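What follows is the content of model-v6.txt, which has compact mmCIF, C-alpha atoms and all ligand atoms:
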```
# COMPACT_ATOMS: atom_id res chain seq x y z
CA MET A 366 -19.94 2.96 -18.14
CA PHE A 367 -17.78 2.14 -15.20
CA THR A 368 -15.56 -0.46 -13.66
CA SER A 369 -15.54 -1.33 -10.03
CA LEU A 370 -13.58 -3.19 -7.47
CA THR A 371 -15.14 -4.96 -4.51
CA GLU A 372 -13.58 -4.84 -1.07
CA GLU A 373 -12.66 -8.48 -1.28
CA ALA A 374 -10.93 -8.07 -4.61
CA SER A 375 -9.21 -4.98 -3.36
CA LYS A 376 -7.76 -6.88 -0.39
CA LYS A 377 -6.40 -9.59 -2.63
CA LEU A 378 -4.83 -7.13 -4.99
CA GLU A 379 -3.22 -5.26 -2.17
CA GLY A 380 -1.92 -8.56 -0.83
CA ILE A 381 -0.11 -9.22 -4.10
CA LEU A 382 1.30 -5.71 -4.15
CA PHE A 383 2.41 -5.96 -0.56
CA ASP A 384 4.26 -9.22 -1.21
CA LEU A 385 6.06 -7.62 -4.10
CA LEU A 386 6.87 -4.53 -2.07
CA THR A 387 8.51 -6.53 0.67
CA MET A 388 10.19 -9.01 -1.66
CA VAL A 389 12.10 -6.41 -3.65
CA GLU A 390 12.20 -3.75 -0.92
CA ALA A 391 10.52 -1.25 -3.17
CA GLU A 392 9.34 2.16 -2.00
CA ALA A 393 5.99 2.15 -3.72
CA ILE A 394 3.92 0.07 -6.08
CA PHE A 395 0.92 1.13 -8.12
CA LEU A 396 -1.46 -0.83 -10.27
CA CYS A 397 -2.99 1.53 -12.84
CA ASP A 398 -5.48 1.11 -15.62
CA ARG A 399 -5.13 2.48 -19.13
CA GLY A 400 -6.94 5.62 -18.22
CA GLY A 401 -4.43 6.43 -15.49
CA ASN A 402 -6.62 5.43 -12.54
CA ILE A 403 -4.94 3.82 -9.58
CA ILE A 404 -6.60 0.47 -9.02
CA ALA A 405 -4.50 -0.41 -5.99
CA SER A 406 -1.32 0.81 -4.39
CA LYS A 407 1.13 -0.02 -1.61
CA SER A 408 3.99 2.01 -0.29
CA VAL A 409 6.41 1.99 2.59
CA SER A 410 5.28 5.39 3.81
CA THR A 411 2.64 7.72 2.45
CA TYR A 412 3.59 8.61 -1.06
CA PRO A 413 2.89 12.09 -2.36
CA HIS A 414 1.33 12.78 -5.73
CA GLU A 415 0.16 9.24 -6.38
CA ASP A 416 -2.45 10.39 -8.88
CA ASN A 417 0.03 12.47 -10.85
CA ILE A 418 2.49 9.60 -11.01
CA ALA A 419 -0.17 7.18 -12.20
CA ALA A 420 -1.50 9.56 -14.85
CA LEU A 421 1.96 10.25 -16.23
CA ALA A 422 3.05 6.63 -16.06
CA ALA A 423 -0.01 5.36 -17.89
CA GLY A 424 0.34 8.11 -20.49
CA SER A 425 4.02 7.53 -21.12
CA PHE A 426 3.81 3.75 -21.04
CA PHE A 427 0.96 3.54 -23.49
CA ALA A 428 2.77 6.10 -25.64
CA THR A 429 5.74 3.73 -25.82
CA LEU A 430 3.39 1.02 -27.03
CA GLU A 431 2.56 3.31 -29.91
CA ILE A 432 6.27 3.74 -30.61
CA ALA A 433 6.53 -0.05 -30.67
CA ARG A 434 3.80 -0.25 -33.22
CA LEU A 435 5.41 2.37 -35.42
CA ILE A 436 8.75 0.55 -35.51
CA GLY A 437 7.03 -2.72 -36.30
CA GLU A 438 7.26 -4.27 -32.85
CA SER A 439 4.05 -5.66 -31.44
CA GLU A 440 4.64 -4.24 -27.98
CA PHE A 441 7.11 -3.41 -25.25
CA GLN A 442 6.30 -5.53 -22.25
CA ASN A 443 8.14 -3.31 -19.81
CA VAL A 444 10.11 -0.12 -19.36
CA LEU A 445 12.80 0.81 -16.87
CA HIS A 446 13.70 4.41 -16.02
CA GLN A 447 16.92 4.40 -14.06
CA GLY A 448 17.87 7.33 -11.87
CA GLU A 449 20.75 8.05 -9.58
CA HIS A 450 18.76 7.57 -6.41
CA ARG A 451 15.46 6.13 -7.51
CA SER A 452 14.20 4.14 -10.44
CA VAL A 453 10.87 3.20 -11.89
CA PHE A 454 10.00 -0.09 -13.49
CA MET A 455 6.73 -0.56 -15.38
CA GLU A 456 5.30 -3.81 -16.62
CA ARG A 457 2.12 -4.35 -18.54
CA THR A 458 -0.31 -6.94 -17.26
CA SER A 459 -2.46 -9.01 -19.55
CA LYS A 460 -5.56 -7.04 -18.65
CA ASP A 461 -4.11 -3.92 -20.18
CA MET A 462 -3.08 -2.53 -16.90
CA LEU A 463 0.22 -1.35 -15.66
CA LEU A 464 2.22 -2.36 -12.62
CA LEU A 465 4.59 0.39 -11.59
CA VAL A 466 7.39 -0.12 -9.08
CA VAL A 467 9.37 2.72 -7.52
CA PHE A 468 12.61 1.51 -5.94
CA SER A 469 15.79 3.01 -4.56
CA ARG A 470 19.37 2.14 -5.45
CA ASP A 471 19.39 -0.28 -2.54
CA SER A 472 17.20 -2.63 -4.55
CA ASN A 473 18.50 -4.81 -7.32
CA PRO A 474 16.94 -3.96 -10.70
CA GLY A 475 17.22 -7.54 -11.95
CA LEU A 476 15.33 -8.77 -8.94
CA VAL A 477 12.74 -6.06 -9.33
CA LYS A 478 12.14 -7.11 -12.93
CA LEU A 479 11.86 -10.77 -12.07
CA HIS A 480 9.46 -10.37 -9.19
CA THR A 481 7.37 -7.78 -10.93
CA ARG A 482 6.89 -10.22 -13.77
CA LEU A 483 5.87 -12.91 -11.27
CA ALA A 484 3.45 -10.54 -9.58
CA CYS A 485 1.90 -9.75 -12.95
CA GLN A 486 1.38 -13.45 -13.50
CA LYS A 487 -0.38 -13.71 -10.18
CA LEU A 488 -2.63 -10.85 -11.14
CA GLU A 489 -3.46 -12.64 -14.34
CA GLU A 490 -4.15 -16.01 -12.78
CA PHE A 491 -6.56 -14.37 -10.54
CA ASP A 492 -8.17 -12.47 -13.34
CA ILE A 493 -9.15 -10.41 -10.45
CA LEU A 494 -10.50 -7.32 -11.92
CA VAL A 495 -12.77 -5.51 -12.99
CA ASP A 496 -15.76 -5.97 -15.11
CA GLN A 497 -15.99 -3.66 -18.00
CA CYS A 498 -19.43 -4.84 -19.04
CA GLY A 499 -19.20 -2.91 -22.34
CA GLY A 500 -21.21 0.14 -21.52
CA GLN A 501 -23.23 -1.44 -18.79
CA GLY A 502 -21.14 -1.70 -15.71
CA VAL A 503 -22.92 -3.11 -12.74
CA VAL A 504 -22.60 -2.33 -9.12
CA SER A 505 -24.00 -4.31 -6.27
CA LYS A 506 -27.66 -3.48 -6.13
CA SER A 507 -27.47 -2.71 -2.47
CA VAL A 508 -25.46 0.39 -3.25
CA THR A 509 -27.19 3.49 -4.48
CA PHE A 510 -25.33 6.69 -5.02
CA GLU A 511 -26.88 9.94 -3.99
CA MET A 512 -25.96 13.53 -4.31
CA ASP A 513 -27.58 16.76 -3.26
CA PRO A 514 -28.78 18.25 -6.54
CA GLN A 515 -28.31 21.78 -5.23
CA ALA A 516 -24.74 21.34 -4.06
CA ARG A 517 -21.73 22.34 -6.12
CA PRO A 518 -19.05 19.70 -6.46
CA PHE A 519 -16.24 22.24 -6.10
CA LYS A 520 -16.07 25.34 -4.01
CA SER A 521 -13.81 28.28 -4.55
CA ASN A 522 -11.33 29.31 -1.93
CA PRO A 523 -12.86 32.12 0.10
CA MET B 121 -15.07 5.30 -17.71
CA SER B 122 -15.56 5.87 -14.03
CA PHE B 123 -13.93 3.58 -11.54
CA ILE B 124 -15.41 2.63 -8.18
CA ASN B 125 -13.24 1.33 -5.40
CA PHE B 126 -15.51 -0.04 -2.69
CA SER B 127 -12.73 -0.68 -0.29
CA LYS B 128 -11.51 2.92 -0.37
CA LYS B 129 -15.06 4.24 -0.83
CA GLU B 130 -13.80 6.20 -3.77
CA ILE B 131 -15.10 6.90 -7.26
CA SER B 132 -12.87 8.28 -10.01
CA PHE B 133 -13.96 10.27 -13.03
CA LYS B 134 -11.92 11.58 -15.90
CA ILE B 135 -12.64 14.97 -17.42
CA VAL B 136 -10.81 16.19 -20.51
CA TYR B 137 -10.46 19.78 -21.70
CA TYR B 138 -10.37 19.62 -25.48
CA GLY B 139 -10.04 22.29 -28.16
CA PRO B 140 -7.70 23.90 -30.67
CA ALA B 141 -4.19 25.08 -29.86
CA LEU B 142 -4.03 28.17 -27.63
CA CYS B 143 -7.79 28.36 -26.97
CA GLY B 144 -7.17 28.42 -23.21
CA LYS B 145 -7.35 24.83 -21.94
CA THR B 146 -4.22 25.07 -19.84
CA THR B 147 -5.37 28.44 -18.54
CA ASN B 148 -8.66 26.87 -17.38
CA VAL B 149 -6.82 24.22 -15.41
CA GLU B 150 -4.36 26.73 -13.95
CA GLN B 151 -7.27 28.85 -12.76
CA ILE B 152 -9.01 25.84 -11.26
CA HIS B 153 -5.83 25.00 -9.43
CA ARG B 154 -5.56 28.56 -8.16
CA THR B 155 -9.20 28.78 -7.11
CA ILE B 156 -10.03 25.51 -5.41
CA ALA B 157 -9.54 25.01 -1.70
CA SER B 158 -6.29 23.22 -1.00
CA GLN B 159 -7.75 20.18 0.71
CA ASP B 160 -9.68 19.40 -2.48
CA LYS B 161 -6.81 19.52 -4.94
CA GLY B 162 -3.56 17.74 -5.65
CA GLU B 163 -0.55 18.92 -7.55
CA LEU B 164 -0.85 20.46 -11.00
CA THR B 165 1.37 18.70 -13.52
CA MET B 166 2.12 20.58 -16.74
CA LEU B 167 4.20 19.17 -19.54
CA SER B 168 5.07 22.00 -21.86
CA THR B 169 7.52 22.70 -24.62
CA GLN B 170 9.88 25.63 -24.46
CA GLN B 171 7.39 27.83 -26.26
CA ASP B 172 5.07 27.25 -23.39
CA ARG B 173 2.77 24.96 -25.29
CA THR B 174 1.34 21.77 -23.92
CA LEU B 175 3.38 18.86 -25.21
CA PHE B 176 1.89 15.84 -23.56
CA PHE B 177 -0.93 16.86 -21.28
CA ASP B 178 -1.71 18.81 -18.14
CA PHE B 179 -3.08 16.94 -15.18
CA LEU B 180 -4.78 18.01 -11.97
CA PRO B 181 -6.41 15.63 -9.47
CA LEU B 182 -9.40 17.00 -7.57
CA LYS B 183 -11.60 15.65 -4.81
CA SER B 184 -15.21 16.30 -3.92
CA ASP B 185 -17.50 14.97 -1.23
CA ILE B 186 -20.66 15.46 -3.22
CA ILE B 187 -21.69 11.80 -3.36
CA LYS B 188 -22.82 10.62 0.03
CA GLY B 189 -20.48 8.16 1.69
CA PHE B 190 -17.94 8.24 -1.10
CA SER B 191 -15.05 10.43 -2.06
CA SER B 192 -15.34 11.51 -5.69
CA LYS B 193 -12.05 11.97 -7.47
CA PHE B 194 -12.01 14.02 -10.63
CA GLN B 195 -8.92 13.62 -12.78
CA ILE B 196 -8.67 16.71 -14.95
CA TYR B 197 -6.67 16.48 -18.18
CA THR B 198 -5.98 18.84 -21.05
CA VAL B 199 -4.86 17.73 -24.48
CA PRO B 200 -2.26 19.40 -26.66
CA GLY B 201 -4.11 21.30 -29.36
CA GLN B 202 -1.56 21.22 -32.17
CA VAL B 203 -2.60 19.04 -35.05
CA ILE B 204 0.52 16.87 -34.92
CA TYR B 205 -0.18 15.59 -31.42
CA ASN B 206 -3.17 13.48 -32.28
CA GLU B 207 -1.73 10.29 -30.77
CA THR B 208 -1.48 12.04 -27.44
CA ARG B 209 -5.04 13.28 -27.68
CA ARG B 210 -6.26 9.75 -28.26
CA LEU B 211 -4.28 8.53 -25.32
CA VAL B 212 -5.75 11.18 -23.06
CA LEU B 213 -9.30 10.52 -24.26
CA ARG B 214 -9.11 6.93 -23.15
CA ASN B 215 -11.83 6.14 -20.60
CA VAL B 216 -13.01 9.73 -20.55
CA ASP B 217 -16.22 10.51 -18.60
CA GLY B 218 -16.85 14.10 -19.60
CA ILE B 219 -15.51 16.76 -21.94
CA VAL B 220 -15.21 20.52 -21.79
CA PHE B 221 -14.73 21.70 -25.33
CA VAL B 222 -12.99 25.07 -25.13
CA ALA B 223 -13.59 27.16 -28.24
CA ASP B 224 -11.64 30.32 -29.02
CA SER B 225 -14.23 33.05 -29.64
CA GLN B 226 -12.09 35.10 -32.04
CA TRP B 227 -13.46 35.24 -35.58
CA SER B 228 -10.08 34.19 -36.90
CA LYS B 229 -10.27 30.93 -34.94
CA MET B 230 -13.64 29.62 -36.09
CA GLU B 231 -12.10 27.24 -38.57
CA GLU B 232 -9.68 25.84 -36.02
CA ASN B 233 -12.57 25.34 -33.60
CA ALA B 234 -14.47 23.38 -36.20
CA GLU B 235 -11.44 21.26 -37.09
CA SER B 236 -10.75 20.45 -33.48
CA TYR B 237 -14.38 19.54 -32.88
CA ALA B 238 -14.34 17.20 -35.88
CA ASN B 239 -11.09 15.73 -34.63
CA LEU B 240 -12.70 15.08 -31.24
CA GLU B 241 -15.62 13.27 -32.83
CA ASP B 242 -13.25 11.24 -34.95
CA ASN B 243 -11.03 10.25 -32.03
CA LEU B 244 -14.01 9.28 -29.91
CA GLN B 245 -15.46 7.21 -32.68
CA LYS B 246 -12.20 5.28 -33.02
CA GLN B 247 -12.63 4.26 -29.39
CA GLY B 248 -16.22 3.25 -29.89
CA MET B 249 -17.54 6.35 -28.17
CA THR B 250 -19.70 9.22 -29.30
CA LEU B 251 -20.72 12.65 -28.08
CA GLU B 252 -24.32 11.44 -28.04
CA LYS B 253 -23.54 9.38 -24.98
CA LEU B 254 -20.90 11.46 -23.32
CA PRO B 255 -21.57 14.46 -21.10
CA TYR B 256 -19.92 17.50 -22.65
CA ILE B 257 -20.22 21.25 -22.63
CA LEU B 258 -19.06 24.03 -24.92
CA GLN B 259 -17.08 26.87 -23.40
CA PHE B 260 -16.75 29.98 -25.54
CA ASN B 261 -13.53 31.46 -24.22
CA LYS B 262 -11.71 34.78 -24.63
CA ARG B 263 -14.88 36.85 -24.55
CA ASP B 264 -12.74 39.82 -23.48
CA LEU B 265 -11.09 40.18 -26.89
CA PRO B 266 -12.36 42.70 -29.45
CA GLU B 267 -12.89 40.58 -32.55
CA VAL B 268 -15.10 37.84 -31.20
CA ALA B 269 -18.04 36.08 -32.76
CA PRO B 270 -21.40 36.45 -30.98
CA ALA B 271 -22.20 33.55 -28.70
CA HIS B 272 -25.39 32.72 -30.57
CA TYR B 273 -23.40 32.46 -33.79
CA MET B 274 -20.91 30.06 -32.20
CA ASP B 275 -23.79 28.13 -30.71
CA PHE B 276 -25.41 27.87 -34.12
CA MET B 277 -22.15 26.72 -35.73
CA MET B 278 -20.98 24.26 -33.12
CA ASN B 279 -24.04 23.02 -31.35
CA GLN B 280 -25.96 21.16 -33.99
CA ARG B 281 -26.71 17.87 -32.36
CA THR B 282 -30.20 16.84 -31.43
CA MET B 283 -29.13 16.82 -27.80
CA ARG B 284 -27.76 20.32 -27.53
CA ALA B 285 -24.79 20.76 -25.26
CA PRO B 286 -24.88 23.41 -22.54
CA THR B 287 -22.77 26.44 -23.44
CA LEU B 288 -20.90 28.91 -21.27
CA GLU B 289 -19.04 32.10 -22.00
CA ALA B 290 -15.68 32.53 -20.34
CA VAL B 291 -12.65 34.69 -19.90
CA ALA B 292 -10.38 31.98 -18.59
CA ARG B 293 -7.47 34.35 -18.05
CA GLU B 294 -9.60 36.28 -15.57
CA SER B 295 -11.12 33.09 -14.19
CA GLN B 296 -14.59 34.06 -15.45
CA GLY B 297 -16.68 31.03 -16.30
CA VAL B 298 -13.96 28.61 -15.24
CA MET B 299 -15.42 27.21 -12.03
CA GLU B 300 -18.89 27.37 -13.59
CA SER B 301 -17.70 25.14 -16.42
CA LEU B 302 -16.02 22.70 -14.06
CA ASN B 303 -19.01 22.43 -11.76
CA LEU B 304 -21.38 22.02 -14.66
CA ILE B 305 -19.47 19.20 -16.32
CA ALA B 306 -18.88 17.53 -12.95
CA LYS B 307 -22.62 17.62 -12.20
CA MET B 308 -23.42 16.18 -15.62
CA VAL B 309 -20.91 13.37 -15.20
CA LEU B 310 -22.17 12.58 -11.71
CA GLY B 311 -25.77 12.70 -12.89
CA GLN B 312 -25.12 10.24 -15.66
CA PHE B 313 -23.18 7.97 -13.34
CA ILE B 314 -25.97 7.90 -10.76
CA GLU B 315 -28.67 7.37 -13.36
CA SER B 316 -26.90 4.55 -15.17
CA ASN B 317 -26.26 2.86 -11.87
CA LYS B 318 -29.92 3.07 -10.90
CA MET B 319 -30.95 1.60 -14.20
CA GLN B 320 -28.49 -1.22 -13.89
CA SER B 321 -29.63 -2.07 -10.39
CA ARG B 322 -33.18 -2.38 -11.60
CA GLU B 323 -32.39 -4.46 -14.62
CA MET B 324 -29.74 -6.76 -13.30
CA PRO B 325 -29.92 -7.92 -9.73
CA THR B 326 -26.33 -9.05 -9.72
CA GLU B 327 -23.77 -8.73 -7.00
CA VAL B 328 -20.98 -8.52 -9.45
CA VAL B 329 -17.90 -7.31 -10.38
CA THR B 330 -15.21 -9.62 -9.30
CA ARG B 331 -14.23 -12.52 -11.46
CA LYS B 332 -11.66 -14.85 -10.09
CA ASP B 333 -11.58 -18.05 -11.94
CA GLY B 334 -8.39 -19.80 -12.89
N1 LIG A 601 -7.44 37.49 -23.87
C1 LIG A 601 -7.55 36.26 -23.37
N2 LIG A 601 -6.50 35.43 -23.46
C2 LIG A 601 -6.62 34.20 -22.95
C3 LIG A 601 -7.81 33.75 -22.33
N3 LIG A 601 -7.63 32.47 -21.93
C4 LIG A 601 -6.38 32.14 -22.28
N4 LIG A 601 -5.75 33.16 -22.88
C5 LIG A 601 -4.39 33.22 -23.41
O1 LIG A 601 -4.26 32.39 -24.54
C6 LIG A 601 -2.97 31.82 -24.61
C7 LIG A 601 -3.05 30.32 -24.74
O2 LIG A 601 -3.61 29.79 -23.59
P1 LIG A 601 -3.37 28.28 -23.13
O3 LIG A 601 -4.19 28.06 -21.91
O4 LIG A 601 -1.92 27.97 -23.05
O5 LIG A 601 -4.01 27.51 -24.37
P2 LIG A 601 -4.08 25.93 -24.65
O6 LIG A 601 -3.17 25.70 -25.82
O7 LIG A 601 -5.50 25.68 -25.02
O8 LIG A 601 -3.65 25.20 -23.44
C8 LIG A 601 -2.24 32.28 -23.36
O9 LIG A 601 -1.43 33.37 -23.67
C9 LIG A 601 -3.37 32.68 -22.43
O10 LIG A 601 -2.98 33.66 -21.51
C10 LIG A 601 -8.92 34.65 -22.25
O11 LIG A 601 -10.01 34.35 -21.76
N5 LIG A 601 -8.72 35.89 -22.80
MG MG A 602 -2.17 23.76 -23.20
```

Any chance you could give the structure as structure tokens?
Amino acid sequence: MFTSLTEEASKKLEGILFDLLTMVEAEAIFLCDRGGNIIASKSVSTYPHEDNIAALAAGSFFATLEIARLIGESEFQNVLHQGEHRSVFMERTSKDMLLLVVFSRDSNPGLVKLHTRLACQKLEEFDILVDQCGGQGVVSKSVTFEMDPQARPFKSNP
Amino acid sequence: MSFINFSKKEISFKIVYYGPALCGKTTNVEQIHRTIASQDKGELTMLSTQQDRTLFFDFLPLKSDIIKGFSSKFQIYTVPGQVIYNETRRLVLRNVDGIVFVADSQWSKMEENAESYANLEDNLQKQGMTLEKLPYILQFNKRDLPEVAPAHYMDFMMNQRTMRAPTLEAVARESQGVMESLNLIAKMVLGQFIESNKMQSREMPTEVVTRKDG
């Protein structure tokens, strides 16, 4: 089973993220799925450890949803972690994905919240993603994937 | 569930190291991190309690160029083994593509191995998944210790499905069997991915995958 994202869809997603990035002057924005995969990302300069951030964010955010359930709340729509220099705002999109915004203290948290919400709505309108085809994901038939059956995926450092 | 990004020419897979507390899951991932060439690995994230036990999960992103024309990302996770952290295990299992079940070979741990294995089946089932459909291997770890069960005994106890899982012996602390396990599960995951994609292309001549109505 897999999900996939076409080039066209990818461009549109990145467009939405880019608009948000410039609007709130964020440092980085990630769209992640429940499993912690980065679906799309935009940042001002190259951002280190993207995968680690996405994995932790998805884990912690979906853990807070479980807290919500345990205290009798249906869900938390968003979470803000505020730091001295940098903060992280996470908002859930309708498709069970997560929009994560990293911003510095030069940005206004209220504005970040507002525009992130708006961006999430755009993502929803679009319904852009990603077919989950319950167990039978489909990729364009023109693409076949090949690997050398003898090769090892990972090599040890010499 | 693997994720293909055609614009980045990138495919992501999620591999989870599962097993009872202290069987050596974190050690496996630490050794992988130590062993793999630096251009193929990202940073190792470990979330541990003060007693050095995994609290949330460990995470290590890896990259391979084994599929032609694409970069294959493997996201490696461990789960916390302690019984009380079951919510976290479920969270980590979400969208998993392949599992390395690490069993502790000591006689005294056989019951914990069995419990953890049953817990894995249960958690998968709650997400509509099953080991029948998921690539997984059994790693019998800590073979260096004195009081260990013979591998064929562990195989007999833990490997009772019609589709038998491949098994490997390991001494994760000395890095024995660690890269072998990783490469084996990666190959199995890739193999299943390629096969299912071939099948789909035959059956459904669709161009898919983007919906944008509304
Ligand atoms: N003797 C021996 N000890 C091991 C081996 N692998 C791991 N350990 C030790 O077992 C303990 C628990 O390992 P850890 O990786 O934290 O277990 P986890 O709870 O599954 O993540 C640590 O003290 C490790 O050093 C092994 O192959 N042999
Ligand atoms: Mg651990």

Can you list every residue of chain B that has an atom at most 10 Å from ligand MG 602 (chain A), with its nearest atom pair and the distance in Å to one decimal, using all atoms listed in the file, ordered by chain then number, as a tab-separated table?
```
residue	atom	partner	partner_atom	distance
B:Tyr137	CA	A:MG602	MG	9.3
B:Tyr138	CA	A:MG602	MG	9.5
B:Gly139	CA	A:MG602	MG	9.4
B:Pro140	CA	A:MG602	MG	9.3
B:Ala141	CA	A:MG602	MG	7.1
B:Leu142	CA	A:MG602	MG	6.5
B:Cys143	CA	A:MG602	MG	8.2
B:Gly144	CA	A:MG602	MG	6.8
B:Lys145	CA	A:MG602	MG	5.4
B:Thr146	CA	A:MG602	MG	4.1
B:Thr147	CA	A:MG602	MG	7.3
B:Asn148	CA	A:MG602	MG	9.3
B:Val149	CA	A:MG602	MG	9.1
B:Glu150	CA	A:MG602	MG	10.0
B:Met166	CA	A:MG602	MG	8.4
B:Leu167	CA	A:MG602	MG	8.7
B:Ser168	CA	A:MG602	MG	7.6
B:Thr169	CA	A:MG602	MG	9.9
B:Asp172	CA	A:MG602	MG	8.0
B:Arg173	CA	A:MG602	MG	5.5
B:Thr174	CA	A:MG602	MG	4.1
B:Leu175	CA	A:MG602	MG	7.7
B:Phe176	CA	A:MG602	MG	8.9
B:Phe177	CA	A:MG602	MG	7.3
B:Asp178	CA	A:MG602	MG	7.1
B:Tyr197	CA	A:MG602	MG	9.9
B:Thr198	CA	A:MG602	MG	6.6
B:Val199	CA	A:MG602	MG	6.7
B:Pro200	CA	A:MG602	MG	5.6
B:Gly201	CA	A:MG602	MG	6.9
B:Gln202	CA	A:MG602	MG	9.3
```

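Each of B:Asn206, B:Ser225, B:Asn303, B:Gln312 was checked against chain A using all atoms listed in the file; the smallest atom-to-atom distance is that of B:Asn303.
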
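We find CA of Thr387 in chain A and CA of Thr481 in chain A to be spaced 11.7 Å apart.
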
| field | Contacts of Ser521 in chain A within 8 Å, all atoms listed in the file, excl. fewer than 4 positions in-chain, as a list of chain:residue names | value | B:Thr155, B:Ile156, B:Ala157, B:Met299

Give me, as a CSV table (one decimal) with C-alpha atoms, keeping the file's coordinate frame, all polymer residues having an atom no more than 6 Å from range 183-186 of chain B, counting all atoms listed in the file and skipping those fewer than 5 positions away in the same chain.
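See around_12.csv below for the written result:
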```
chain,number,residue,atom,x,y,z
A,512,MET,CA,-26.0,13.5,-4.3
A,518,PRO,CA,-19.0,19.7,-6.5
B,160,ASP,CA,-9.7,19.4,-2.5
B,191,SER,CA,-15.0,10.4,-2.1
B,192,SER,CA,-15.3,11.5,-5.7
B,193,LYS,CA,-12.0,12.0,-7.5
```

To test the calculation: enclose all listed atoms of ligand LIG 601 (chain A) in a box whose edges run along x, y and z, add 4 Å on each side, then state centre and edge lengths in Å to one decimal, as AutoDock Vina command-line options.
```
--center_x -5.7 --center_y 31.3 --center_z -23.7 --size_x 16.6 --size_y 20.3 --size_z 12.3
```

| request: Find the distance between atom C5 of ligand LIG 601 (chain A) and CA of Asn261 in chain B and write it in Å to one decimal. | output: 9.3 Å

| said: Please list as a list in words every residue within 7 Å of Glu379 in chain A, counting all atoms listed in the file and excluding residues in the same chain fewer than 4 positions away. | reply: Ser375, Phe383, Ala405, Ser406 and Lys407 of chain A

| request: Measuring atom to atom with only C-alpha atoms, identify which of A:Gly380, A:Gly437, A:Gly424, A:Pro474 is nearest to chain B. | output: A:Gly424

| message | Applying 8 Å and only C-alpha atoms, which residues near Ile305 in chain B remain after dropping the ones on its own chain fewer than 2 positions away? List them as a ChimeraX atom specification. | response | /B:218-220,255-257,301-303,307-309

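You will find CA of Ile403 in chain A at 9.5 Å from CA of Leu463 in chain A.
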
| note | In terms of all atoms listed in the file, the residue from B:Ile135, B:Ala290, B:Ala223, B:Ile204 at minimal distance from chain A is B:Ile135

| message | Set the distance at 7 Å and use all atoms listed in the file: which residues neighbour Ile196 in chain B once local chain neighbours fewer than 3 positions away are removed? I'd like the list as JSON, numbers by chain. | response | {"B": [134, 135, 136, 179, 180, 181]}

Please, can range 452-463 of chain A be completed to N, CA and C atoms and returned as a PDB file, keeping the file's coordinate frame?
```
ATOM      1  N   SER A 452      14.543   4.593  -9.099  1.00  0.00           N
ATOM      2  CA  SER A 452      14.200   4.140 -10.440  1.00  0.00           C
ATOM      3  C   SER A 452      12.746   3.705 -10.484  1.00  0.00           C
ATOM      4  N   VAL A 453      12.250   3.623 -11.689  1.00  0.00           N
ATOM      5  CA  VAL A 453      10.870   3.200 -11.890  1.00  0.00           C
ATOM      6  C   VAL A 453      10.837   2.083 -12.915  1.00  0.00           C
ATOM      7  N   PHE A 454      10.173   1.016 -12.554  1.00  0.00           N
ATOM      8  CA  PHE A 454      10.000  -0.090 -13.490  1.00  0.00           C
ATOM      9  C   PHE A 454       8.509  -0.276 -13.752  1.00  0.00           C
ATOM     10  N   MET A 455       8.146  -0.398 -15.036  1.00  0.00           N
ATOM     11  CA  MET A 455       6.730  -0.560 -15.380  1.00  0.00           C
ATOM     12  C   MET A 455       6.548  -1.806 -16.217  1.00  0.00           C
ATOM     13  N   GLU A 456       5.589  -2.595 -15.855  1.00  0.00           N
ATOM     14  CA  GLU A 456       5.300  -3.810 -16.620  1.00  0.00           C
ATOM     15  C   GLU A 456       3.814  -3.863 -16.914  1.00  0.00           C
ATOM     16  N   ARG A 457       3.514  -4.263 -18.127  1.00  0.00           N
ATOM     17  CA  ARG A 457       2.120  -4.350 -18.540  1.00  0.00           C
ATOM     18  C   ARG A 457       1.541  -5.690 -18.107  1.00  0.00           C
ATOM     19  N   THR A 458       0.359  -5.680 -17.577  1.00  0.00           N
ATOM     20  CA  THR A 458      -0.310  -6.940 -17.260  1.00  0.00           C
ATOM     21  C   THR A 458      -1.238  -7.307 -18.416  1.00  0.00           C
ATOM     22  N   SER A 459      -1.679  -8.537 -18.406  1.00  0.00           N
ATOM     23  CA  SER A 459      -2.460  -9.010 -19.550  1.00  0.00           C
ATOM     24  C   SER A 459      -3.774  -8.241 -19.705  1.00  0.00           C
ATOM     25  N   LYS A 460      -4.265  -7.716 -18.598  1.00  0.00           N
ATOM     26  CA  LYS A 460      -5.560  -7.040 -18.650  1.00  0.00           C
ATOM     27  C   LYS A 460      -5.429  -5.585 -19.063  1.00  0.00           C
ATOM     28  N   ASP A 461      -4.302  -5.286 -19.712  1.00  0.00           N
ATOM     29  CA  ASP A 461      -4.110  -3.920 -20.180  1.00  0.00           C
ATOM     30  C   ASP A 461      -4.013  -2.942 -19.027  1.00  0.00           C
ATOM     31  N   MET A 462      -3.386  -3.440 -17.996  1.00  0.00           N
ATOM     32  CA  MET A 462      -3.080  -2.530 -16.900  1.00  0.00           C
ATOM     33  C   MET A 462      -1.583  -2.482 -16.728  1.00  0.00           C
ATOM     34  N   LEU A 463      -1.179  -1.681 -15.776  1.00  0.00           N
ATOM     35  CA  LEU A 463       0.220  -1.350 -15.660  1.00  0.00           C
ATOM     36  C   LEU A 463       0.614  -1.498 -14.209  1.00  0.00           C
TER      37      LEU A 463
END
```
